[in-house]
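Novice: Got a file for you: upload20.cif, mmCIF, C-alpha atoms and all ligand atoms.
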```
data_data
loop_
_atom_site.label_atom_id
_atom_site.label_comp_id
_atom_site.auth_asym_id
_atom_site.auth_seq_id
_atom_site.Cartn_x
_atom_site.Cartn_y
_atom_site.Cartn_z
CA MET A 183 66.29 9.52 -0.57
CA THR A 184 69.82 9.00 0.77
CA VAL A 185 72.37 10.86 -1.31
CA PRO A 186 74.44 8.12 -2.94
CA THR A 187 78.18 8.49 -2.51
CA PRO A 188 79.50 9.60 -5.92
CA THR A 189 82.10 7.41 -7.55
CA ASP A 190 84.62 8.45 -10.16
CA PRO A 191 82.82 7.63 -13.45
CA ALA A 192 86.15 6.93 -15.12
CA ALA A 193 86.72 4.04 -12.70
CA ALA A 194 83.37 2.20 -12.94
CA PRO A 195 84.28 -1.47 -13.57
CA ALA A 196 81.99 -2.81 -16.29
CA PHE A 197 81.49 0.27 -18.48
CA GLY A 198 84.12 0.25 -21.20
CA PHE A 199 85.13 1.05 -24.75
CA ARG A 200 87.62 -0.76 -26.93
CA ARG A 201 88.84 0.09 -30.40
CA ILE A 202 88.90 -2.97 -32.66
CA ALA A 203 90.26 -1.23 -35.77
CA THR A 204 90.97 2.23 -37.11
CA ASP A 205 91.12 3.50 -40.70
CA GLY A 206 92.26 7.11 -40.85
CA MET A 207 90.08 8.96 -38.33
CA ALA A 208 87.33 6.31 -38.62
CA ARG A 209 87.11 3.81 -35.71
CA ARG A 210 85.50 0.41 -35.33
CA GLY A 211 84.86 -0.21 -31.65
CA GLU A 212 82.64 -1.68 -28.97
CA VAL A 213 81.08 -0.06 -25.90
CA THR A 214 80.27 -2.42 -23.03
CA THR A 215 77.47 -1.56 -20.58
CA ALA A 216 75.45 -3.25 -17.83
CA HIS A 217 72.83 -4.24 -20.43
CA GLY A 218 75.16 -5.45 -23.17
CA ALA A 219 77.53 -4.29 -25.89
CA ILE A 220 77.19 -1.61 -28.56
CA ARG A 221 79.01 -2.14 -31.87
CA THR A 222 80.38 1.15 -33.18
CA PRO A 223 79.96 3.06 -35.41
CA ALA A 224 76.39 2.77 -34.11
CA PHE A 225 73.07 4.34 -35.01
CA MET A 226 70.74 4.67 -32.01
CA PRO A 227 67.02 4.74 -32.87
CA VAL A 228 65.18 7.47 -31.00
CA GLY A 229 62.59 6.19 -28.52
CA THR A 230 61.76 9.56 -26.94
CA GLN A 231 58.60 8.54 -25.00
CA ALA A 232 59.77 4.99 -24.23
CA THR A 233 58.89 3.75 -27.70
CA VAL A 234 60.40 3.84 -31.17
CA LYS A 235 57.28 5.10 -32.87
CA THR A 236 55.32 2.41 -34.81
CA MET A 237 57.90 -0.29 -34.07
CA TYR A 238 57.88 -3.30 -31.72
CA PRO A 239 61.10 -3.45 -29.65
CA GLU A 240 61.74 -6.99 -30.95
CA GLN A 241 61.65 -5.64 -34.53
CA VAL A 242 64.10 -2.83 -33.68
CA ARG A 243 66.43 -5.41 -32.16
CA ALA A 244 66.12 -7.73 -35.16
CA LEU A 245 67.24 -4.88 -37.43
CA GLY A 246 70.57 -4.79 -35.57
CA ALA A 247 70.08 -1.90 -33.14
CA ASP A 248 72.21 -2.45 -30.03
CA ILE A 249 70.93 0.59 -28.14
CA LEU A 250 67.87 2.86 -27.98
CA LEU A 251 67.38 6.42 -26.78
CA GLY A 252 64.93 7.67 -24.22
CA ASN A 253 64.40 11.26 -23.25
CA THR A 254 64.53 12.76 -19.77
CA TYR A 255 62.37 15.78 -20.60
CA HIS A 256 59.45 13.75 -21.93
CA LEU A 257 59.64 10.93 -19.39
CA MET A 258 59.98 13.22 -16.37
CA LEU A 259 56.71 14.86 -17.39
CA ARG A 260 54.91 11.68 -18.38
CA PRO A 261 54.75 9.03 -16.87
CA THR A 262 57.42 10.55 -14.47
CA ALA A 263 60.76 8.95 -13.63
CA GLU A 264 59.49 7.92 -10.17
CA ARG A 265 56.66 5.87 -11.72
CA VAL A 266 59.04 4.20 -14.22
CA ASP A 267 61.36 3.40 -11.29
CA ARG A 268 58.48 1.89 -9.27
CA LEU A 269 57.65 -0.25 -12.29
CA GLY A 270 61.19 -1.63 -12.53
CA GLY A 271 62.99 0.96 -14.64
CA LEU A 272 62.90 1.91 -18.32
CA HIS A 273 64.32 -1.42 -19.64
CA ARG A 274 61.46 -3.33 -17.98
CA PHE A 275 58.87 -0.64 -18.72
CA MET A 276 59.47 -0.69 -22.49
CA ASN A 277 60.58 -4.34 -22.68
CA TRP A 278 64.03 -3.47 -24.05
CA PRO A 279 66.62 -5.55 -22.11
CA HIS A 280 69.52 -3.98 -24.03
CA PRO A 281 71.49 -0.71 -23.61
CA ILE A 282 69.58 2.57 -23.28
CA LEU A 283 70.96 6.11 -23.50
CA THR A 284 68.97 9.02 -22.17
CA ASP A 285 69.49 12.67 -22.93
CA SER A 286 69.65 15.13 -20.01
CA GLY A 287 66.57 17.03 -21.09
CA GLY A 288 68.00 20.51 -21.57
CA PHE A 289 67.67 20.45 -25.34
CA GLN A 290 63.96 19.59 -25.24
CA VAL A 291 63.29 22.15 -22.51
CA MET A 292 64.66 24.87 -24.78
CA SER A 293 62.72 23.58 -27.79
CA LEU A 294 59.44 22.33 -26.30
CA ALA A 295 58.75 23.79 -22.87
CA LYS A 296 56.90 27.01 -22.11
CA LEU A 297 58.09 29.89 -19.91
CA ARG A 298 61.54 28.45 -19.51
CA LYS A 299 64.20 30.28 -17.49
CA ILE A 300 67.85 29.31 -17.23
CA ASN A 301 70.30 30.41 -14.53
CA GLU A 302 73.44 29.11 -12.85
CA GLN A 303 71.50 26.70 -10.67
CA ALA A 304 69.06 25.09 -13.11
CA VAL A 305 66.50 25.39 -15.88
CA THR A 306 62.93 26.06 -14.73
CA PHE A 307 60.02 25.56 -17.11
CA GLN A 308 56.38 24.75 -17.51
CA SER A 309 55.32 21.43 -18.98
CA HIS A 310 54.06 21.61 -22.59
CA ILE A 311 51.54 18.95 -21.54
CA ASP A 312 49.75 20.46 -18.55
CA GLY A 313 51.60 23.66 -17.66
CA SER A 314 52.99 22.22 -14.39
CA ARG A 315 56.22 23.83 -13.17
CA HIS A 316 59.48 21.88 -13.14
CA VAL A 317 63.13 22.44 -12.22
CA LEU A 318 65.90 20.64 -14.07
CA SER A 319 69.36 20.99 -12.52
CA PRO A 320 72.46 18.94 -13.37
CA GLU A 321 71.80 16.93 -10.21
CA ARG A 322 68.05 16.46 -10.81
CA SER A 323 68.68 15.41 -14.42
CA LEU A 324 71.04 12.64 -13.26
CA GLU A 325 68.61 11.65 -10.50
CA ILE A 326 65.92 11.22 -13.19
CA GLN A 327 68.26 9.29 -15.50
CA GLY A 328 69.25 7.11 -12.54
CA LEU A 329 65.59 6.38 -11.75
CA LEU A 330 65.05 5.47 -15.42
CA GLY A 331 68.10 3.22 -15.11
CA SER A 332 69.70 4.23 -18.42
CA ASP A 333 73.11 2.77 -19.15
CA ILE A 334 74.53 5.96 -20.66
CA GLN A 335 73.55 9.23 -19.03
CA MET A 336 74.16 12.71 -20.40
CA GLN A 337 75.22 15.78 -18.47
CA LEU A 338 72.77 18.70 -18.39
CA ASP A 339 74.01 21.32 -20.82
CA GLU A 340 72.87 24.42 -22.67
CA CYS A 341 72.72 24.09 -26.44
CA VAL A 342 72.33 27.33 -28.41
CA ALA A 343 70.71 27.39 -31.84
CA LEU A 344 72.90 28.62 -34.68
CA PRO A 345 73.55 31.26 -35.90
CA ALA A 346 74.28 32.94 -32.56
CA GLU A 347 76.48 35.75 -31.23
CA ARG A 348 79.92 34.58 -30.04
CA ALA A 349 79.28 36.01 -26.56
CA GLU A 350 76.10 33.92 -26.26
CA ILE A 351 77.87 30.79 -27.48
CA GLU A 352 80.72 31.38 -25.02
CA ARG A 353 78.35 31.99 -22.08
CA ALA A 354 76.44 28.76 -22.77
CA MET A 355 79.66 26.77 -23.30
CA ARG A 356 81.10 27.89 -19.96
CA LEU A 357 77.84 27.24 -18.11
CA SER A 358 77.84 23.75 -19.64
CA LEU A 359 81.40 23.23 -18.36
CA ARG A 360 80.37 24.16 -14.83
CA TRP A 361 77.34 21.87 -15.15
CA ALA A 362 79.68 19.09 -16.35
CA GLU A 363 81.65 19.41 -13.09
CA ARG A 364 78.44 19.24 -11.05
CA SER A 365 77.21 16.28 -13.13
CA LYS A 366 80.36 14.31 -12.47
CA ALA A 367 80.12 15.05 -8.74
CA ALA A 368 76.46 13.95 -8.68
CA PHE A 369 76.85 10.84 -10.85
CA PHE A 370 76.30 7.62 -8.93
CA GLY A 371 78.09 5.29 -11.31
CA LYS A 372 76.50 1.89 -10.81
CA PRO A 373 78.75 -0.72 -12.49
CA GLY A 374 78.19 -0.73 -16.23
CA HIS A 375 76.63 2.74 -16.26
CA GLY A 376 78.46 5.65 -17.87
CA LEU A 377 78.30 9.41 -17.81
CA PHE A 378 78.96 11.34 -21.02
CA ALA A 379 79.96 14.99 -21.17
CA ILE A 380 78.74 17.24 -23.99
CA VAL A 381 81.12 19.51 -25.92
CA GLN A 382 79.61 22.88 -26.74
CA GLY A 383 81.01 25.99 -28.43
CA GLY A 384 78.73 26.53 -31.43
CA ASP A 385 80.50 27.17 -34.73
CA ASP A 386 83.58 28.67 -33.03
CA GLU A 387 86.58 26.35 -33.29
CA ALA A 388 88.52 27.98 -30.44
CA LEU A 389 85.56 27.60 -28.06
CA ARG A 390 85.09 24.00 -29.18
CA VAL A 391 88.75 23.18 -28.46
CA GLU A 392 88.52 24.86 -25.04
CA SER A 393 85.34 22.90 -24.19
CA ALA A 394 86.77 19.56 -25.38
CA ARG A 395 90.05 20.02 -23.46
CA ALA A 396 88.29 21.12 -20.26
CA LEU A 397 85.88 18.16 -20.35
CA THR A 398 88.73 15.73 -21.06
CA ALA A 399 90.57 17.11 -18.02
CA ILE A 400 87.50 16.45 -15.84
CA GLY A 401 87.24 12.89 -17.22
CA PHE A 402 84.12 11.09 -18.44
CA HIS A 403 83.16 7.68 -19.84
CA GLY A 404 82.39 9.26 -23.20
CA TYR A 405 82.10 12.58 -24.95
CA ALA A 406 79.19 13.88 -26.98
CA VAL A 407 79.54 16.67 -29.52
CA GLY A 408 76.47 18.79 -28.90
CA GLY A 409 75.29 22.10 -30.30
CA LEU A 410 75.19 20.79 -33.86
CA ALA A 411 72.35 19.71 -36.16
CA VAL A 412 70.65 22.88 -34.97
CA GLY A 413 70.22 24.50 -38.36
CA GLU A 414 73.80 24.93 -39.53
CA PRO A 415 74.86 23.81 -43.04
CA GLN A 416 76.64 20.45 -43.30
CA ASP A 417 79.99 22.05 -44.13
CA VAL A 418 79.89 24.02 -40.87
CA MET A 419 79.05 20.87 -38.89
CA LEU A 420 81.91 18.96 -40.53
CA ARG A 421 84.38 21.82 -40.00
CA ILE A 422 83.50 21.88 -36.29
CA LEU A 423 83.86 18.10 -36.06
CA SER A 424 87.30 18.23 -37.68
CA ALA A 425 88.39 20.77 -35.06
CA THR A 426 86.81 18.94 -32.11
CA THR A 427 87.34 15.16 -32.34
CA PRO A 428 91.17 15.37 -32.36
CA GLU A 429 90.90 17.08 -28.94
CA LEU A 430 88.94 14.16 -27.41
CA PRO A 431 90.51 11.06 -25.82
CA GLU A 432 91.01 8.30 -28.39
CA ASP A 433 90.06 5.57 -25.90
CA ARG A 434 86.58 6.92 -25.17
CA PRO A 435 83.46 6.82 -27.38
CA ARG A 436 82.36 9.96 -29.20
CA TYR A 437 78.66 10.65 -29.79
CA LEU A 438 77.38 13.26 -32.28
CA MET A 439 73.94 14.29 -31.00
CA GLY A 440 70.97 14.56 -33.34
CA VAL A 441 72.80 13.50 -36.51
CA GLY A 442 71.75 12.81 -39.15
CA THR A 443 71.23 11.98 -42.80
CA PRO A 444 73.12 8.97 -44.20
CA ASP A 445 75.61 11.38 -45.79
CA ASP A 446 76.09 13.25 -42.48
CA ILE A 447 76.80 9.93 -40.76
CA VAL A 448 79.33 8.67 -43.32
CA GLU A 449 81.20 11.99 -43.30
CA SER A 450 81.17 12.14 -39.48
CA VAL A 451 82.45 8.55 -39.10
CA GLY A 452 85.34 9.70 -41.28
CA ARG A 453 86.01 12.43 -38.71
CA GLY A 454 86.14 10.08 -35.72
CA ILE A 455 82.53 9.85 -34.48
CA ASP A 456 81.32 6.51 -33.06
CA MET A 457 77.65 7.00 -32.08
CA PHE A 458 74.69 8.76 -33.71
CA ASP A 459 71.03 9.45 -33.00
CA CYS A 460 68.47 11.10 -35.22
CA VAL A 461 64.70 11.17 -35.64
CA MET A 462 65.22 11.32 -39.44
CA PRO A 463 64.55 7.63 -40.31
CA THR A 464 61.55 7.33 -37.99
CA ARG A 465 60.01 10.78 -38.60
CA ALA A 466 60.57 10.60 -42.39
CA GLY A 467 58.99 7.13 -42.39
CA ARG A 468 55.82 8.55 -40.85
CA HIS A 469 55.79 11.18 -43.61
CA GLY A 470 56.05 8.76 -46.53
CA GLN A 471 59.81 9.00 -47.17
CA ALA A 472 61.95 5.89 -47.71
CA PHE A 473 65.74 5.83 -47.29
CA THR A 474 67.38 3.30 -49.57
CA ARG A 475 70.86 2.49 -50.85
CA ARG A 476 69.80 4.24 -54.04
CA GLY A 477 68.82 7.45 -52.25
CA LYS A 478 65.53 8.76 -50.90
CA VAL A 479 62.13 7.84 -52.37
CA ASN A 480 59.06 9.94 -51.64
CA LEU A 481 56.16 7.48 -51.68
CA ARG A 482 53.64 10.32 -51.68
CA ASN A 483 54.62 10.98 -55.30
CA ALA A 484 51.93 9.88 -57.80
CA ARG A 485 54.58 8.26 -60.04
CA HIS A 486 54.51 5.24 -57.68
CA ALA A 487 50.76 4.60 -58.03
CA ASP A 488 51.17 1.73 -60.53
CA ASP A 489 54.70 0.60 -59.68
CA PRO A 490 54.69 -3.10 -58.74
CA ARG A 491 58.35 -3.12 -57.69
CA PRO A 492 59.33 -3.29 -53.99
CA ILE A 493 61.51 -0.53 -52.57
CA ASP A 494 64.57 -2.79 -52.64
CA GLU A 495 64.27 -6.37 -53.86
CA GLU A 496 67.74 -7.18 -52.44
CA SER A 497 66.92 -5.95 -48.93
CA THR A 498 66.76 -8.43 -46.03
CA CYS A 499 63.94 -6.29 -44.61
CA PRO A 500 60.48 -7.78 -45.44
CA ALA A 501 59.00 -4.26 -45.63
CA ALA A 502 61.47 -3.29 -48.39
CA ARG A 503 61.21 -6.62 -50.23
CA ASP A 504 57.63 -7.92 -49.99
CA TYR A 505 55.49 -4.81 -50.61
CA SER A 506 55.10 -2.87 -53.84
CA ARG A 507 55.71 0.84 -54.17
CA ALA A 508 52.13 1.09 -55.42
CA TYR A 509 50.88 -0.40 -52.14
CA LEU A 510 53.12 1.86 -50.04
CA HIS A 511 51.91 4.86 -52.06
CA HIS A 512 48.28 3.81 -51.43
CA LEU A 513 48.85 3.39 -47.67
CA VAL A 514 50.59 6.77 -47.40
CA LYS A 515 47.89 8.60 -49.40
CA ALA A 516 45.16 6.86 -47.40
CA GLU A 517 47.01 7.74 -44.16
CA GLU A 518 46.83 4.12 -43.11
CA ALA A 519 48.91 3.27 -40.00
CA LEU A 520 50.58 0.40 -41.88
CA GLY A 521 52.19 2.95 -44.20
CA ALA A 522 54.08 4.58 -41.32
CA MET A 523 54.93 1.17 -39.88
CA LEU A 524 56.38 -0.26 -43.11
CA LEU A 525 58.32 2.89 -44.01
CA THR A 526 59.76 3.24 -40.50
CA TRP A 527 60.80 -0.43 -40.70
CA ILE A 528 62.41 0.20 -44.13
CA ASN A 529 64.26 3.30 -42.91
CA LEU A 530 65.61 1.84 -39.66
CA SER A 531 66.64 -1.27 -41.58
CA TYR A 532 68.54 0.86 -44.09
CA TYR A 533 70.26 2.89 -41.35
CA GLN A 534 71.37 -0.28 -39.55
CA ASP A 535 72.61 -1.79 -42.83
CA LEU A 536 74.52 1.46 -43.47
CA MET A 537 76.21 1.19 -40.04
CA ALA A 538 77.01 -2.52 -40.53
CA GLY A 539 78.63 -1.69 -43.85
CA LEU A 540 80.72 1.08 -42.26
CA ARG A 541 81.85 -1.20 -39.41
CA ALA A 542 82.92 -3.90 -41.88
CA ALA A 543 84.70 -1.40 -44.14
CA ILE A 544 86.74 0.06 -41.26
CA GLU A 545 87.70 -3.44 -40.11
CA ALA A 546 88.82 -4.24 -43.67
CA GLY A 547 90.75 -0.95 -43.94
CA ARG A 548 88.67 0.21 -46.90
CA PHE A 549 86.58 3.05 -45.37
CA GLU A 550 87.33 5.59 -48.13
CA ASP A 551 86.51 3.13 -50.94
CA HIS A 552 83.31 2.11 -49.15
CA LYS A 553 82.34 5.75 -48.68
CA ALA A 554 82.72 6.31 -52.43
CA GLU A 555 80.64 3.20 -53.21
CA VAL A 556 77.84 4.24 -50.86
CA LYS A 557 77.71 7.77 -52.26
CA ALA A 558 77.68 6.43 -55.81
CA GLY A 559 74.62 4.35 -54.86
CA TRP A 560 72.77 7.41 -53.64
CA ALA A 561 73.76 9.35 -56.75
CA ARG A 562 72.27 6.64 -59.00
CA GLY A 563 68.92 7.88 -57.77
CA ASP A 564 65.73 5.92 -57.70
CA ILE A 565 65.92 3.62 -60.73
C1 LIG B 601 68.29 17.14 -33.87
N1 LIG B 601 69.50 17.86 -33.58
C2 LIG B 601 69.98 17.86 -32.33
N2 LIG B 601 69.45 17.17 -31.30
C3 LIG B 601 70.21 17.50 -30.22
C4 LIG B 601 70.08 17.11 -28.89
C5 LIG B 601 68.93 16.22 -28.48
C6 LIG B 601 69.17 14.78 -28.72
C7 LIG B 601 68.00 14.04 -28.12
O1 LIG B 601 66.78 14.45 -28.73
C8 LIG B 601 65.92 13.35 -28.97
O2 LIG B 601 65.65 13.27 -30.34
C9 LIG B 601 64.68 14.23 -30.75
C10 LIG B 601 66.64 12.12 -28.56
O3 LIG B 601 66.03 11.64 -27.38
C11 LIG B 601 68.07 12.55 -28.29
O4 LIG B 601 68.49 11.95 -27.06
C12 LIG B 601 69.89 11.98 -26.88
C13 LIG B 601 71.00 17.65 -27.95
N3 LIG B 601 70.89 17.29 -26.61
C14 LIG B 601 71.72 17.87 -25.72
N4 LIG B 601 71.62 17.55 -24.41
N5 LIG B 601 72.69 18.77 -26.07
C15 LIG B 601 72.89 19.13 -27.37
O5 LIG B 601 73.78 19.94 -27.66
C16 LIG B 601 72.02 18.55 -28.37
C17 LIG B 601 72.15 18.90 -29.72
C18 LIG B 601 71.23 18.38 -30.65
N6 LIG B 601 71.07 18.58 -31.97
#
```
Mind converting the file's structure to structure tokens?

Specialist:
Amino acid sequence: MTVPTPTDPAAAPAFGFRRIATDGMARRGEVTTAHGAIRTPAFMPVGTQATVKTMYPEQVRALGADILLGNTYHLMLRPTAERVDRLGGLHRFMNWPHPILTDSGGFQVMSLAKLRKINEQAVTFQSHIDGSRHVLSPERSLEIQGLLGSDIQMQLDECVALPAERAEIERAMRLSLRWAERSKAAFFGKPGHGLFAIVQGGDDEALRVESARALTAIGFHGYAVGGLAVGEPQDVMLRILSATTPELPEDRPRYLMGVGTPDDIVESVGRGIDMFDCVMPTRAGRHGQAFTRRGKVNLRNARHADDPRPIDEESTCPAARDYSRAYLHHLVKAEEALGAMLLTWINLSYYQDLMAGLRAAIEAGRFEDHKAEVKAGWARGDI
């Protein structure tokens, strides 16, 4: 294929971010992309293999999700990016005509692939599906994301699991910086498509500041904080965020990768994060867990067997309002597919309601009060 002439991602016309309101470090904003706008703070449901598991795309949209995630690692292996491209791109393929963000694939290679090797040039690995060999370089990752047609593309990076030696964290952070340079050079910024860099540096504040400043100097449409939600305690994650977000440009979106619980999200919005993704609401739903404004409810627990109450009679989500806990308990125990479907619906609905509440609170200048109210709801427990 002809090598497209790279354009400066910072100059692409239609991709943009505007801040509508701020309240302390919290920001209410809007990202504009080729496939529409994203209201921030935003929660992005994970659609790793071109589907948000057990949900119809129309349902996900109706819950208020402005953007979904796809994953380069999974889609490059199956059905391959070239096949998705031949079929019209990922938006057409999964019938989601709204913004899509794709990860670069490095994280999944390190956590899923076999016989993986990383060097200056690329990551090489064998598919966990059929053992076939693959090479993922900064350039190949963007080629794949371009074939998928995602509106927000991530640089290839190296994320180290915590705890880790400082030397290892530093090595991976500097490699990720060099890969950020190569990603920017390789990015063919079609109008409305953005390239995000990923800040690394583990739990070391000095390395985080160095990574954030270096990436800002290179210049990207947005900045992800990577290398977190990899096993560290919440207080470590929040300490790193407090050291990192002030070093990032205020007029660009910030995306905290892989986070998190409702409490993680509220605390991170308060430290200047705009975008989140996490498998928590979807995976927990498939395992019988419901997230509600009164905290988590484990529907596997026998105490629900005779409970006629819905999960949340005040919810706008039919799954939380029109089905009894006894029925949900039955479906979960019987391993009926409808159990996973209803609980995933409940959880994504709660996460989107949580984000809508945060956006409104920041606009009204009452983020701290709202945070206290939301936490008090969780503390009330499951009445
Ligand atoms: C869970 N904690 C966590 N996830 C993380 C991911 C995967 C998110 C990606 O993984 C898929 O969800 C399973 C989603 O597709 C998401 O796409 C962006 C990361 N990806 C990159 N490139 N760099 C990181 O430093 C990183 C850190 C993470 N911490």

Novice: Could the residues that lie within 7 Å of ligand LIG 601 (chain B), counting only C-alpha atoms and all ligand atoms, be listed as an MDAnalysis selection string?

Specialist: chainID A and resid 228:230 251:253 283:290 336 338:341 380 382 407:412 439:441 459:461

Novice: Which distance in Å separates atom CA of A:His512 and atom CA of A:Gln241, to one decimal?

Specialist: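 Between atom CA of A:His512 and atom CA of A:Gln241 the gap is 23.5 Å.
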
Novice: Show which residues sit within 6 Å of A:Ile220, as a list in words. Count all atoms listed in the file, and ignore same-chain residues fewer than 2 positions away.

Specialist: Glu212, Val213 and Asp248 of chain A

Novice: Tell me which of A:Pro444, A:Ser314, A:Glu432, A:Ile249 sits closest to A:Gly211, counting all atoms listed in the file.

Specialist: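 Using all atoms listed in the file, A:Gly211 sits closest to A:Glu432.
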
Novice: For atom CA of A:Val242 and atom CA of A:Gly477, quote the distance in Å rounded to one decimal.

Specialist: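 Atom-to-atom, atom CA of A:Val242 and atom CA of A:Gly477 are spaced 21.7 Å apart.
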
Novice: Skipping near chain neighbours, those fewer than 2 positions away, what residues fall within 10 Å of A:Leu536 using all atoms listed in the file, listed as a list in words?

Specialist: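 That gives Pro223, Ala224, Phe225, Pro444, Ile447, Val448, Thr474, Arg475, Leu530, Ser531, Tyr532, Tyr533, Gln534, Ala538, Gly539, Leu540, Arg541 and Val556 of chain A.
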
Novice: Find the residue from A:Pro320, A:Pro239, A:Pro435, A:Gly206 that sits nearest to A:Met457; use all atoms listed in the file when measuring.

Specialist: A:Pro435

Novice: To one decimal in Å, tell me the separation between atom CA of A:Arg562 and atom CA of A:Ala502.

Specialist: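 Computed distance, atom CA of A:Arg562 to atom CA of A:Ala502, equals 18.1 Å.
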
Novice: Between A:Arg421, A:Arg360, A:Arg268, A:Lys296, which one has atoms that come closest to A:Gly384, using only C-alpha atoms?

Specialist: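 Closest residue, counting only C-alpha atoms: A:Arg421.
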
Novice: Would you please work out which residue, of A:His511, A:Ala219, A:Arg260, A:Arg491, is nearest to A:Arg200 when using all atoms listed in the file?

Specialist: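 Under the stated criterion, the closest residue is A:Ala219.
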
Novice: Which residues are near stretch 415-419 of chain A? Cut-off 10 Å, all atoms listed in the file, ignore same chain within fewer than 6 positions. Put them as a list in words.

Specialist: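 My reading of the contact set: Leu344, Gly384, Asp385, Asp386, Gly409, Val441, Gly442, Asp445, Asp446, Glu449 and Ser450 of chain A.
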
Novice: Considering all atoms listed in the file, state which residue in the set A:Met523, A:Val266, A:Met276, A:Met258 is at the smallest distance from A:Val291.

Specialist: A:Met258

Novice: Here is a test: counting only C-alpha atoms, which residue of A:His273, A:His310, A:His375, A:Arg390 is nearest to A:Ser358?

Specialist: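 Residue with the minimum atom-to-atom distance to A:Ser358: A:Arg390.
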
Novice: Atoms are missing here; could stretch 407-419 of chain A be completed with N, CA, C and O atoms and written as a PDB file, keeping the file's coordinate frame?

Specialist:
```
ATOM      1  N   VAL A 407      79.395  15.367 -28.881  1.00  0.00           N
ATOM      2  CA  VAL A 407      79.540  16.670 -29.520  1.00  0.00           C
ATOM      3  C   VAL A 407      78.117  17.193 -29.682  1.00  0.00           C
ATOM      4  O   VAL A 407      77.329  16.629 -30.454  1.00  0.00           O
ATOM      5  N   GLY A 408      77.800  18.203 -28.849  1.00  0.00           N
ATOM      6  CA  GLY A 408      76.470  18.790 -28.900  1.00  0.00           C
ATOM      7  C   GLY A 408      76.489  20.088 -29.693  1.00  0.00           C
ATOM      8  O   GLY A 408      77.493  20.450 -30.309  1.00  0.00           O
ATOM      9  N   GLY A 409      75.348  20.783 -29.669  1.00  0.00           N
ATOM     10  CA  GLY A 409      75.290  22.100 -30.300  1.00  0.00           C
ATOM     11  C   GLY A 409      75.383  22.078 -31.807  1.00  0.00           C
ATOM     12  O   GLY A 409      75.613  23.095 -32.438  1.00  0.00           O
ATOM     13  N   LEU A 410      75.193  20.890 -32.396  1.00  0.00           N
ATOM     14  CA  LEU A 410      75.190  20.790 -33.860  1.00  0.00           C
ATOM     15  C   LEU A 410      73.859  20.188 -34.311  1.00  0.00           C
ATOM     16  O   LEU A 410      73.042  19.794 -33.481  1.00  0.00           O
ATOM     17  N   ALA A 411      73.669  20.123 -35.628  1.00  0.00           N
ATOM     18  CA  ALA A 411      72.350  19.710 -36.160  1.00  0.00           C
ATOM     19  C   ALA A 411      71.261  20.603 -35.579  1.00  0.00           C
ATOM     20  O   ALA A 411      70.199  20.145 -35.170  1.00  0.00           O
ATOM     21  N   VAL A 412      71.599  21.887 -35.493  1.00  0.00           N
ATOM     22  CA  VAL A 412      70.650  22.880 -34.970  1.00  0.00           C
ATOM     23  C   VAL A 412      70.415  23.970 -36.014  1.00  0.00           C
ATOM     24  O   VAL A 412      70.167  25.126 -35.692  1.00  0.00           O
ATOM     25  N   GLY A 413      70.532  23.566 -37.286  1.00  0.00           N
ATOM     26  CA  GLY A 413      70.220  24.500 -38.360  1.00  0.00           C
ATOM     27  C   GLY A 413      71.421  24.935 -39.179  1.00  0.00           C
ATOM     28  O   GLY A 413      71.286  25.651 -40.154  1.00  0.00           O
ATOM     29  N   GLU A 414      72.618  24.511 -38.765  1.00  0.00           N
ATOM     30  CA  GLU A 414      73.800  24.930 -39.530  1.00  0.00           C
ATOM     31  C   GLU A 414      73.955  24.069 -40.789  1.00  0.00           C
ATOM     32  O   GLU A 414      73.524  22.920 -40.819  1.00  0.00           O
ATOM     33  N   PRO A 415      74.606  24.609 -41.833  1.00  0.00           N
ATOM     34  CA  PRO A 415      74.860  23.810 -43.040  1.00  0.00           C
ATOM     35  C   PRO A 415      75.827  22.662 -42.725  1.00  0.00           C
ATOM     36  O   PRO A 415      76.602  22.735 -41.780  1.00  0.00           O
ATOM     37  N   GLN A 416      75.788  21.611 -43.558  1.00  0.00           N
ATOM     38  CA  GLN A 416      76.640  20.450 -43.300  1.00  0.00           C
ATOM     39  C   GLN A 416      78.126  20.810 -43.254  1.00  0.00           C
ATOM     40  O   GLN A 416      78.861  20.297 -42.410  1.00  0.00           O
ATOM     41  N   ASP A 417      78.553  21.745 -44.102  1.00  0.00           N
ATOM     42  CA  ASP A 417      79.990  22.050 -44.130  1.00  0.00           C
ATOM     43  C   ASP A 417      80.454  22.687 -42.816  1.00  0.00           C
ATOM     44  O   ASP A 417      81.564  22.442 -42.334  1.00  0.00           O
ATOM     45  N   VAL A 418      79.541  23.445 -42.184  1.00  0.00           N
ATOM     46  CA  VAL A 418      79.890  24.020 -40.870  1.00  0.00           C
ATOM     47  C   VAL A 418      79.988  22.914 -39.835  1.00  0.00           C
ATOM     48  O   VAL A 418      80.948  22.855 -39.053  1.00  0.00           O
ATOM     49  N   MET A 419      79.025  21.996 -39.847  1.00  0.00           N
ATOM     50  CA  MET A 419      79.050  20.870 -38.890  1.00  0.00           C
ATOM     51  C   MET A 419      80.356  20.073 -39.055  1.00  0.00           C
ATOM     52  O   MET A 419      81.040  19.770 -38.067  1.00  0.00           O
TER      53      MET A 419
END
```
